[in-house]
Amino acid sequence: MLLALDTSAGASTALISHKDTDDLGQILAQWSTDAPNTHAEVLAPAVQEVLGEVGATGEQISGVVVGVGPGPFTGLRVGLALGHALAEGWGKPLHGICSLDSLALRAVDAGVEGEFLVATDARRREVYWAAYEHDEDGSRLIQGPFVGPAAELPQLPAVGAGVGLYPEQLQVVELPGEDPSSWTPHAAELGRLAQGALAGELNGVLCEPRPLYLRESDAKVPAQMKKSGT
Amino acid sequence: MSDKILTMTSAPEPSQNPAPLVLGIETSCDETGVGIVRGRQLLANEVASSMAEHIRFGGVIPEIAARAHVEAFTPTLRRALDTAGVRLEDVDAIAVTAGPGLAGALMVGLSAAKGLALATGKPLYGINHLVAHVAVGLLEDPQNGASRPHSDNDADSRGASNGVRDLPPNTGALLVSGGHTEILRVGSLSEDVELLGSTIDDAAGEAYDKTARLLSLGYPGGPKIDAAAKEGDPTAFRFPRGLTMPKFEGTAEEPGKHRHNWSFSGLKTAVGRAVEQFEKAGQPVPTADIAASFQEAVVDVLTSKAVRACQEHGITSLLLGGGVAANSRLRGLLAERCQQAGISLTVPPIPLCTDNGAMVAALGAELVAAGKPASSYAIPADSSLPVHCITR
């Protein structure tokens, strides 16, 4: 059983089982919130809740999966820090996974074919984005993840909250009964992908469990420090 | 039902756990600290600092500090457990700084502490960083022998039962760092801490950093200015002592609004003007004299106000904490003025004065031993947690 976390937009957590009818893991319990700034308060109680819902103990957890972003930094770190500590406390491995993969899986599950973009809110009039491809051989990341203005992205249909923010620049994937322009990543999808990767069904999905910032901190060296040459 | 009533009305367990094994996590600024104590015995104090990354900015950059905490947390935790020779499952409680401090930095440690508590089933204690600076004064360090080189009343304040030192009666604490300048009255580490005075603008350490930038001495400012000041004349310039005018101070009977408060922003401006005058005149800036005069102004007003606050609140034992405790002139003048006032001064070893995890563990152990309730997993990081809130 895997415990998955993501704090790249809202916050979410899920418990994923080993076996499923398809190649990916099956969701046993899940929780999420869209609130962008309560991660530090709500995520740990939510993890306790999903564990309790399934009656899972630490011994039953085989690993922890954490979305590494990209996403706003402060919230992102809450998930990473919680993930590192849970893995350390349980003595189980920690796996990182790009948070945008969550939306790519959701798009593929909804039947999107060919090349498409995933775009999420990067604030500062920019989006975090990556390009994916889905064909008869499966689906894969073809470009990214990057951060940049929506107007500079490849001309491809897109999913994710970035589309909702920049409808002039980005063209939404049409899906009946769904609004992909409001999608944000969810730990459940990341957990399912990680389960598939660990079972040997997917390649290139897991990464180091370190935040994917894509931007430097914007601290500027003060004039006085430049002057003194330190 | 009857069982419940019995449980609720029965007295608390006799001496809950006098020497709990507590792991403490500190990430309120630029040090990632993990410490382990057993009661008042120090077992490990591992600190990873991101200070080197802040040098070129001349001050702590919150985003850089927060990034470094994520990278450093697990290695620092493992080192602390190794040093202490204990396993995570042996620990009785997890303590963590919940505030005050840099919000983004606090959240890393708080989140990690919640994860450890959740995974191990141990109680979580979200504690006050400032009170932890005081609690560290109770620690015994087996490696370094007695941990309090400057205390002169050890015999009086040692508890008879287990040889550990209890908090002396009428204790106060002067905390001076890059983020804090406070004088506290500490009745009890688990339930009675009162703020007597604090800076109303810059922290003293912040004033050192800013002045070091003005003098092109580098970062961190404390040691740079302390070193430069040794070559200078502390009476060369008469820099202002903030909030010392009668309208701010009042009298002991009718104290003014800022009797026990400090202000360092005017001092920084005065130093800036002095530097400017020399530069405009095309003369070399007398760096050592300015550094010495600046340091004298800071240390003079810090110690005189702290000692007076102690006298007016019946404080007879003062503990010095925070990174500026490493400053030689502050230690010297404070010791002198405390002695004149009949106040016993304690200065913990410097690695325990600067931000560290052992102090968090030390306060956690006091709270566990006092039978205080654990924190919820839902507690927030509180960047401005007031000092009378010992736990969250």
# chains A, B, ... in the order shown; residues from 1 in each chain; ligands from 1
$ closest_atom_pairs --of "chain B" --to "chain A" --cutoff "7 Å" --atoms "only C-alpha atoms" --output "JSON lines"
{"residue": "B:Arg56", "atom": "CA", "partner": "A:Thr230", "partner_atom": "CA", "distance": 5.8}
{"residue": "B:Phe57", "atom": "CA", "partner": "A:Val221", "partner_atom": "CA", "distance": 4.8}
{"residue": "B:Gly58", "atom": "CA", "partner": "A:Met225", "partner_atom": "CA", "distance": 6.5}
{"residue": "B:Ile61", "atom": "CA", "partner": "A:Ala219", "partner_atom": "CA", "distance": 6.7}
{"residue": "B:Glu63", "atom": "CA", "partner": "A:Ser217", "partner_atom": "CA", "distance": 6.0}
{"residue": "B:Ile64", "atom": "CA", "partner": "A:Ser217", "partner_atom": "CA", "distance": 6.6}
{"residue": "B:Val70", "atom": "CA", "partner": "A:Ala81", "partner_atom": "CA", "distance": 6.2}
{"residue": "B:Gly104", "atom": "CA", "partner": "A:Thr74", "partner_atom": "CA", "distance": 5.7}
{"residue": "B:Met107", "atom": "CA", "partner": "A:Ala40", "partner_atom": "CA", "distance": 6.2}
{"residue": "B:Val108", "atom": "CA", "partner": "A:Ala81", "partner_atom": "CA", "distance": 5.7}
{"residue": "B:Ser111", "atom": "CA", "partner": "A:Leu82", "partner_atom": "CA", "distance": 5.1}
{"residue": "B:Ala112", "atom": "CA", "partner": "A:Leu82", "partner_atom": "CA", "distance": 4.8}
{"residue": "B:Lys114", "atom": "CA", "partner": "A:Ala44", "partner_atom": "CA", "distance": 6.4}
{"residue": "B:Gly115", "atom": "CA", "partner": "A:Leu86", "partner_atom": "CA", "distance": 4.7}
{"residue": "B:Leu116", "atom": "CA", "partner": "A:Ala85", "partner_atom": "CA", "distance": 5.1}
{"residue": "B:Ala119", "atom": "CA", "partner": "A:Gly89", "partner_atom": "CA", "distance": 5.0}
{"residue": "B:Thr120", "atom": "CA", "partner": "A:Gly89", "partner_atom": "CA", "distance": 5.8}
{"residue": "B:Arg213", "atom": "CA", "partner": "A:Gln224", "partner_atom": "CA", "distance": 6.1}
{"residue": "B:Leu214", "atom": "CA", "partner": "A:Gln224", "partner_atom": "CA", "distance": 6.7}
{"residue": "B:Ser216", "atom": "CA", "partner": "A:Ser228", "partner_atom": "CA", "distance": 5.1}
{"residue": "B:Gly218", "atom": "CA", "partner": "A:Thr230", "partner_atom": "CA", "distance": 6.5}
{"residue": "B:Tyr377", "atom": "CA", "partner": "A:Pro45", "partner_atom": "CA", "distance": 5.7}
{"residue": "B:Ala378", "atom": "CA", "partner": "A:Glu41", "partner_atom": "CA", "distance": 4.5}
{"residue": "B:Ile379", "atom": "CA", "partner": "A:Glu41", "partner_atom": "CA", "distance": 5.7}
{"residue": "B:Pro380", "atom": "CA", "partner": "A:Glu41", "partner_atom": "CA", "distance": 5.2}
$ residues_around --residues "A:Gln30" --least-positions-apart "4" --cutoff "10 Å" --atoms "only C-alpha atoms" --output "JSON, numbers by chain"
{"A": [3, 4, 5, 12, 13, 14, 15, 16, 46, 47, 49, 50, 51, 53, 186, 187, 188]}
$ select_by_dssp --residues "stretch 13-252 of chain B" --states "alpha helix (DSSP H)" --output "number ranges by chain"
B: 51-54, 62-84, 103-120, 129-135, 154-157, 204-214, 221-229, 246-249
$ residues_around --residues "B:Thr27" --least-positions-apart "2" --cutoff "8 Å" --atoms "only C-alpha atoms" --output "list of chain:residue names"
B:Ile25, B:Cys29, B:Asp30, B:Glu31, B:Thr32, B:Gly33, B:His69, B:Thr97, B:Ala105, B:Leu106, B:Val108, B:Gly109
$ residues_around --residues "stretch 269-281 of chain B" --least-positions-apart "6" --cutoff "10 Å" --atoms "only C-alpha atoms" --output "NGL selection string"
:B and (207 or 210-211 or 213-215 or 237-240 or 287 or 290-291 or 293-294)
$ write_last_selection --atoms "C-alpha atoms" --output "PDB file, in the first residue's frame"
ATOM      1  CA  ALA B 207      21.128  46.261  13.629  1.00  0.00           C
ATOM      2  CA  LYS B 210      22.744  46.391   8.743  1.00  0.00           C
ATOM      3  CA  THR B 211      25.612  48.329  10.306  1.00  0.00           C
ATOM      4  CA  ARG B 213      26.724  46.341   5.558  1.00  0.00           C
ATOM      5  CA  LEU B 214      27.123  50.128   5.959  1.00  0.00           C
ATOM      6  CA  LEU B 215      30.723  49.579   7.024  1.00  0.00           C
ATOM      7  CA  PHE B 237      31.291  58.659  18.421  1.00  0.00           C
ATOM      8  CA  ARG B 238      28.302  59.222  20.675  1.00  0.00           C
ATOM      9  CA  PHE B 239      25.572  57.211  18.944  1.00  0.00           C
ATOM     10  CA  PRO B 240      21.979  57.378  20.259  1.00  0.00           C
ATOM     11  CA  THR B 287      35.572  51.742  10.505  1.00  0.00           C
ATOM     12  CA  ILE B 290      32.457  53.482  14.289  1.00  0.00           C
ATOM     13  CA  ALA B 291      32.139  49.733  14.924  1.00  0.00           C
ATOM     14  CA  SER B 293      31.036  53.119  19.163  1.00  0.00           C
ATOM     15  CA  PHE B 294      28.074  51.370  17.546  1.00  0.00           C
TER      16      PHE B 294
END
$ select_by_dssp --residues "stretch 253-382 of chain B" --states "strand (DSSP E)" --output "list in words"
Ser317, Leu318, Leu319, Leu320, Gly321, Ser344, Leu345 and Thr346 of chain B
$ write_last_selection --atoms "N, CA and C atoms" --output "JSON list (two decimals), in the first residue's frame"
[["chain", "number", "residue", "atom", "x", "y", "z"],
["B", 317, "SER", "N", 17.80, 35.98, 38.89],
["B", 317, "SER", "CA", 18.62, 35.10, 38.04],
["B", 317, "SER", "C", 18.30, 35.41, 36.59],
["B", 318, "LEU", "N", 19.31, 35.81, 35.83],
["B", 318, "LEU", "CA", 19.08, 36.16, 34.43],
["B", 318, "LEU", "C", 19.82, 35.20, 33.52],
["B", 319, "LEU", "N", 19.10, 34.76, 32.48],
["B", 319, "LEU", "CA", 19.71, 33.90, 31.48],
["B", 319, "LEU", "C", 19.86, 34.69, 30.18],
["B", 320, "LEU", "N", 21.02, 34.60, 29.55],
["B", 320, "LEU", "CA", 21.24, 35.27, 28.27],
["B", 320, "LEU", "C", 21.12, 34.22, 27.17],
["B", 321, "GLY", "N", 20.33, 34.52, 26.13],
["B", 321, "GLY", "CA", 20.17, 33.57, 25.02],
["B", 321, "GLY", "C", 20.12, 34.29, 23.70],
["B", 344, "SER", "N", 22.25, 36.99, 39.43],
["B", 344, "SER", "CA", 23.08, 35.87, 38.98],
["B", 344, "SER", "C", 22.86, 35.67, 37.47],
["B", 345, "LEU", "N", 23.95, 35.69, 36.71],
["B", 345, "LEU", "CA", 23.84, 35.58, 35.24],
["B", 345, "LEU", "C", 24.26, 34.20, 34.76],
["B", 346, "THR", "N", 23.46, 33.63, 33.88],
["B", 346, "THR", "CA", 23.79, 32.34, 33.26],
["B", 346, "THR", "C", 23.89, 32.54, 31.75]]
$ residues_around --residues "stretch 102-111 of chain A" --least-positions-apart "4" --cutoff "6 Å" --atoms "only C-alpha atoms" --output "list of chain:residue names"
A:Pro185, A:Glu189, A:Leu190
$ residues_around --residues "B:Asp90" --least-positions-apart "2" --cutoff "12 Å" --atoms "only C-alpha atoms" --output "count of residues only"
20
$ atom_distance --atom1 "atom CA of B:Ala358" --atom2 "atom CA of A:Asn37"
29.8 Å
$ closest_residue --among "B:His313, B:Arg329, B:Lys257, B:His129" --to "B:Leu175" --atoms "only C-alpha atoms"
B:His129
$ closest_residue --among "A:Gly148, A:Pro157, A:Gly25, A:Pro70" --to "A:Glu113" --atoms "only C-alpha atoms"
A:Pro157
$ residues_around --residues "stretch 181-184 of chain B" --least-positions-apart "4" --cutoff "6 Å" --atoms "only C-alpha atoms" --output "ChimeraX atom specification"
/B:172-176,194-199,203
$ decode --residues "stretch 23-55 of chain B" --atoms "N, CA and C atoms" --output "PDB file, in the first residue's frame"
ATOM      1  N   LEU B  23      12.690  14.473  21.107  1.00  0.00           N
ATOM      2  CA  LEU B  23      13.380  14.948  19.909  1.00  0.00           C
ATOM      3  C   LEU B  23      12.832  16.331  19.567  1.00  0.00           C
ATOM      4  N   GLY B  24      13.719  17.290  19.353  1.00  0.00           N
ATOM      5  CA  GLY B  24      13.289  18.663  19.064  1.00  0.00           C
ATOM      6  C   GLY B  24      13.726  19.107  17.688  1.00  0.00           C
ATOM      7  N   ILE B  25      12.831  19.815  16.989  1.00  0.00           N
ATOM      8  CA  ILE B  25      13.099  20.274  15.619  1.00  0.00           C
ATOM      9  C   ILE B  25      12.955  21.787  15.565  1.00  0.00           C
ATOM     10  N   GLU B  26      13.968  22.450  14.999  1.00  0.00           N
ATOM     11  CA  GLU B  26      13.965  23.905  14.933  1.00  0.00           C
ATOM     12  C   GLU B  26      14.242  24.352  13.498  1.00  0.00           C
ATOM     13  N   THR B  27      13.308  25.106  12.887  1.00  0.00           N
ATOM     14  CA  THR B  27      13.526  25.646  11.543  1.00  0.00           C
ATOM     15  C   THR B  27      12.959  27.063  11.426  1.00  0.00           C
ATOM     16  N   SER B  28      13.065  27.861  12.496  1.00  0.00           N
ATOM     17  CA  SER B  28      12.390  29.166  12.443  1.00  0.00           C
ATOM     18  C   SER B  28      13.153  30.208  11.644  1.00  0.00           C
ATOM     19  N   CYS B  29      14.452  29.983  11.412  1.00  0.00           N
ATOM     20  CA  CYS B  29      15.223  30.958  10.629  1.00  0.00           C
ATOM     21  C   CYS B  29      16.142  30.216   9.665  1.00  0.00           C
ATOM     22  N   ASP B  30      17.440  30.377   9.773  1.00  0.00           N
ATOM     23  CA  ASP B  30      18.328  29.759   8.784  1.00  0.00           C
ATOM     24  C   ASP B  30      19.075  28.542   9.302  1.00  0.00           C
ATOM     25  N   GLU B  31      18.781  28.072  10.512  1.00  0.00           N
ATOM     26  CA  GLU B  31      19.415  26.850  10.996  1.00  0.00           C
ATOM     27  C   GLU B  31      18.376  25.725  11.012  1.00  0.00           C
ATOM     28  N   THR B  32      18.770  24.567  10.445  1.00  0.00           N
ATOM     29  CA  THR B  32      17.954  23.372  10.563  1.00  0.00           C
ATOM     30  C   THR B  32      18.519  22.609  11.754  1.00  0.00           C
ATOM     31  N   GLY B  33      17.794  22.603  12.865  1.00  0.00           N
ATOM     32  CA  GLY B  33      18.322  21.985  14.075  1.00  0.00           C
ATOM     33  C   GLY B  33      17.495  20.790  14.502  1.00  0.00           C
ATOM     34  N   VAL B  34      18.189  19.697  14.842  1.00  0.00           N
ATOM     35  CA  VAL B  34      17.521  18.555  15.460  1.00  0.00           C
ATOM     36  C   VAL B  34      18.313  18.194  16.707  1.00  0.00           C
ATOM     37  N   GLY B  35      17.650  18.220  17.846  1.00  0.00           N
ATOM     38  CA  GLY B  35      18.308  17.899  19.104  1.00  0.00           C
ATOM     39  C   GLY B  35      17.551  16.818  19.837  1.00  0.00           C
ATOM     40  N   ILE B  36      18.251  16.113  20.703  1.00  0.00           N
ATOM     41  CA  ILE B  36      17.622  15.054  21.487  1.00  0.00           C
ATOM     42  C   ILE B  36      18.060  15.209  22.937  1.00  0.00           C
ATOM     43  N   VAL B  37      17.095  15.183  23.857  1.00  0.00           N
ATOM     44  CA  VAL B  37      17.415  15.239  25.283  1.00  0.00           C
ATOM     45  C   VAL B  37      16.694  14.101  26.006  1.00  0.00           C
ATOM     46  N   ARG B  38      17.281  13.705  27.143  1.00  0.00           N
ATOM     47  CA  ARG B  38      16.558  12.820  28.060  1.00  0.00           C
ATOM     48  C   ARG B  38      16.369  13.631  29.334  1.00  0.00           C
ATOM     49  N   GLY B  39      15.144  14.123  29.529  1.00  0.00           N
ATOM     50  CA  GLY B  39      14.932  15.047  30.637  1.00  0.00           C
ATOM     51  C   GLY B  39      15.776  16.278  30.432  1.00  0.00           C
ATOM     52  N   ARG B  40      16.754  16.490  31.336  1.00  0.00           N
ATOM     53  CA  ARG B  40      17.621  17.665  31.194  1.00  0.00           C
ATOM     54  C   ARG B  40      19.030  17.289  30.758  1.00  0.00           C
ATOM     55  N   GLN B  41      19.147  16.077  30.253  1.00  0.00           N
ATOM     56  CA  GLN B  41      20.451  15.630  29.765  1.00  0.00           C
ATOM     57  C   GLN B  41      20.498  15.773  28.247  1.00  0.00           C
ATOM     58  N   LEU B  42      21.506  16.479  27.760  1.00  0.00           N
ATOM     59  CA  LEU B  42      21.660  16.688  26.317  1.00  0.00           C
ATOM     60  C   LEU B  42      22.300  15.466  25.686  1.00  0.00           C
ATOM     61  N   LEU B  43      21.632  14.880  24.684  1.00  0.00           N
ATOM     62  CA  LEU B  43      22.184  13.703  24.021  1.00  0.00           C
ATOM     63  C   LEU B  43      22.697  14.026  22.617  1.00  0.00           C
ATOM     64  N   ALA B  44      22.061  14.973  21.939  1.00  0.00           N
ATOM     65  CA  ALA B  44      22.498  15.329  20.588  1.00  0.00           C
ATOM     66  C   ALA B  44      22.013  16.724  20.247  1.00  0.00           C
ATOM     67  N   ASN B  45      22.825  17.440  19.484  1.00  0.00           N
ATOM     68  CA  ASN B  45      22.453  18.775  19.036  1.00  0.00           C
ATOM     69  C   ASN B  45      23.071  18.996  17.666  1.00  0.00           C
ATOM     70  N   GLU B  46      22.352  18.571  16.620  1.00  0.00           N
ATOM     71  CA  GLU B  46      22.877  18.666  15.251  1.00  0.00           C
ATOM     72  C   GLU B  46      22.243  19.863  14.552  1.00  0.00           C
ATOM     73  N   VAL B  47      23.076  20.683  13.947  1.00  0.00           N
ATOM     74  CA  VAL B  47      22.584  21.878  13.269  1.00  0.00           C
ATOM     75  C   VAL B  47      23.188  21.962  11.874  1.00  0.00           C
ATOM     76  N   ALA B  48      22.333  22.169  10.863  1.00  0.00           N
ATOM     77  CA  ALA B  48      22.808  22.476   9.514  1.00  0.00           C
ATOM     78  C   ALA B  48      22.403  23.913   9.249  1.00  0.00           C
ATOM     79  N   SER B  49      23.355  24.750   8.881  1.00  0.00           N
ATOM     80  CA  SER B  49      23.047  26.161   8.672  1.00  0.00           C
ATOM     81  C   SER B  49      23.129  26.517   7.203  1.00  0.00           C
ATOM     82  N   SER B  50      22.199  27.347   6.739  1.00  0.00           N
ATOM     83  CA  SER B  50      22.279  27.835   5.361  1.00  0.00           C
ATOM     84  C   SER B  50      22.937  29.213   5.314  1.00  0.00           C
ATOM     85  N   MET B  51      23.637  29.557   6.415  1.00  0.00           N
ATOM     86  CA  MET B  51      24.208  30.899   6.545  1.00  0.00           C
ATOM     87  C   MET B  51      25.080  31.275   5.342  1.00  0.00           C
ATOM     88  N   ALA B  52      25.897  30.330   4.870  1.00  0.00           N
ATOM     89  CA  ALA B  52      26.806  30.635   3.766  1.00  0.00           C
ATOM     90  C   ALA B  52      26.054  31.139   2.535  1.00  0.00           C
ATOM     91  N   GLU B  53      24.824  30.636   2.334  1.00  0.00           N
ATOM     92  CA  GLU B  53      24.046  31.040   1.161  1.00  0.00           C
ATOM     93  C   GLU B  53      23.468  32.445   1.303  1.00  0.00           C
ATOM     94  N   HIS B  54      23.448  32.974   2.541  1.00  0.00           N
ATOM     95  CA  HIS B  54      22.865  34.297   2.770  1.00  0.00           C
ATOM     96  C   HIS B  54      23.927  35.397   2.781  1.00  0.00           C
ATOM     97  N   ILE B  55      25.211  34.992   2.817  1.00  0.00           N
ATOM     98  CA  ILE B  55      26.288  35.966   3.002  1.00  0.00           C
ATOM     99  C   ILE B  55      26.243  37.063   1.941  1.00  0.00           C
TER     100      ILE B  55
END
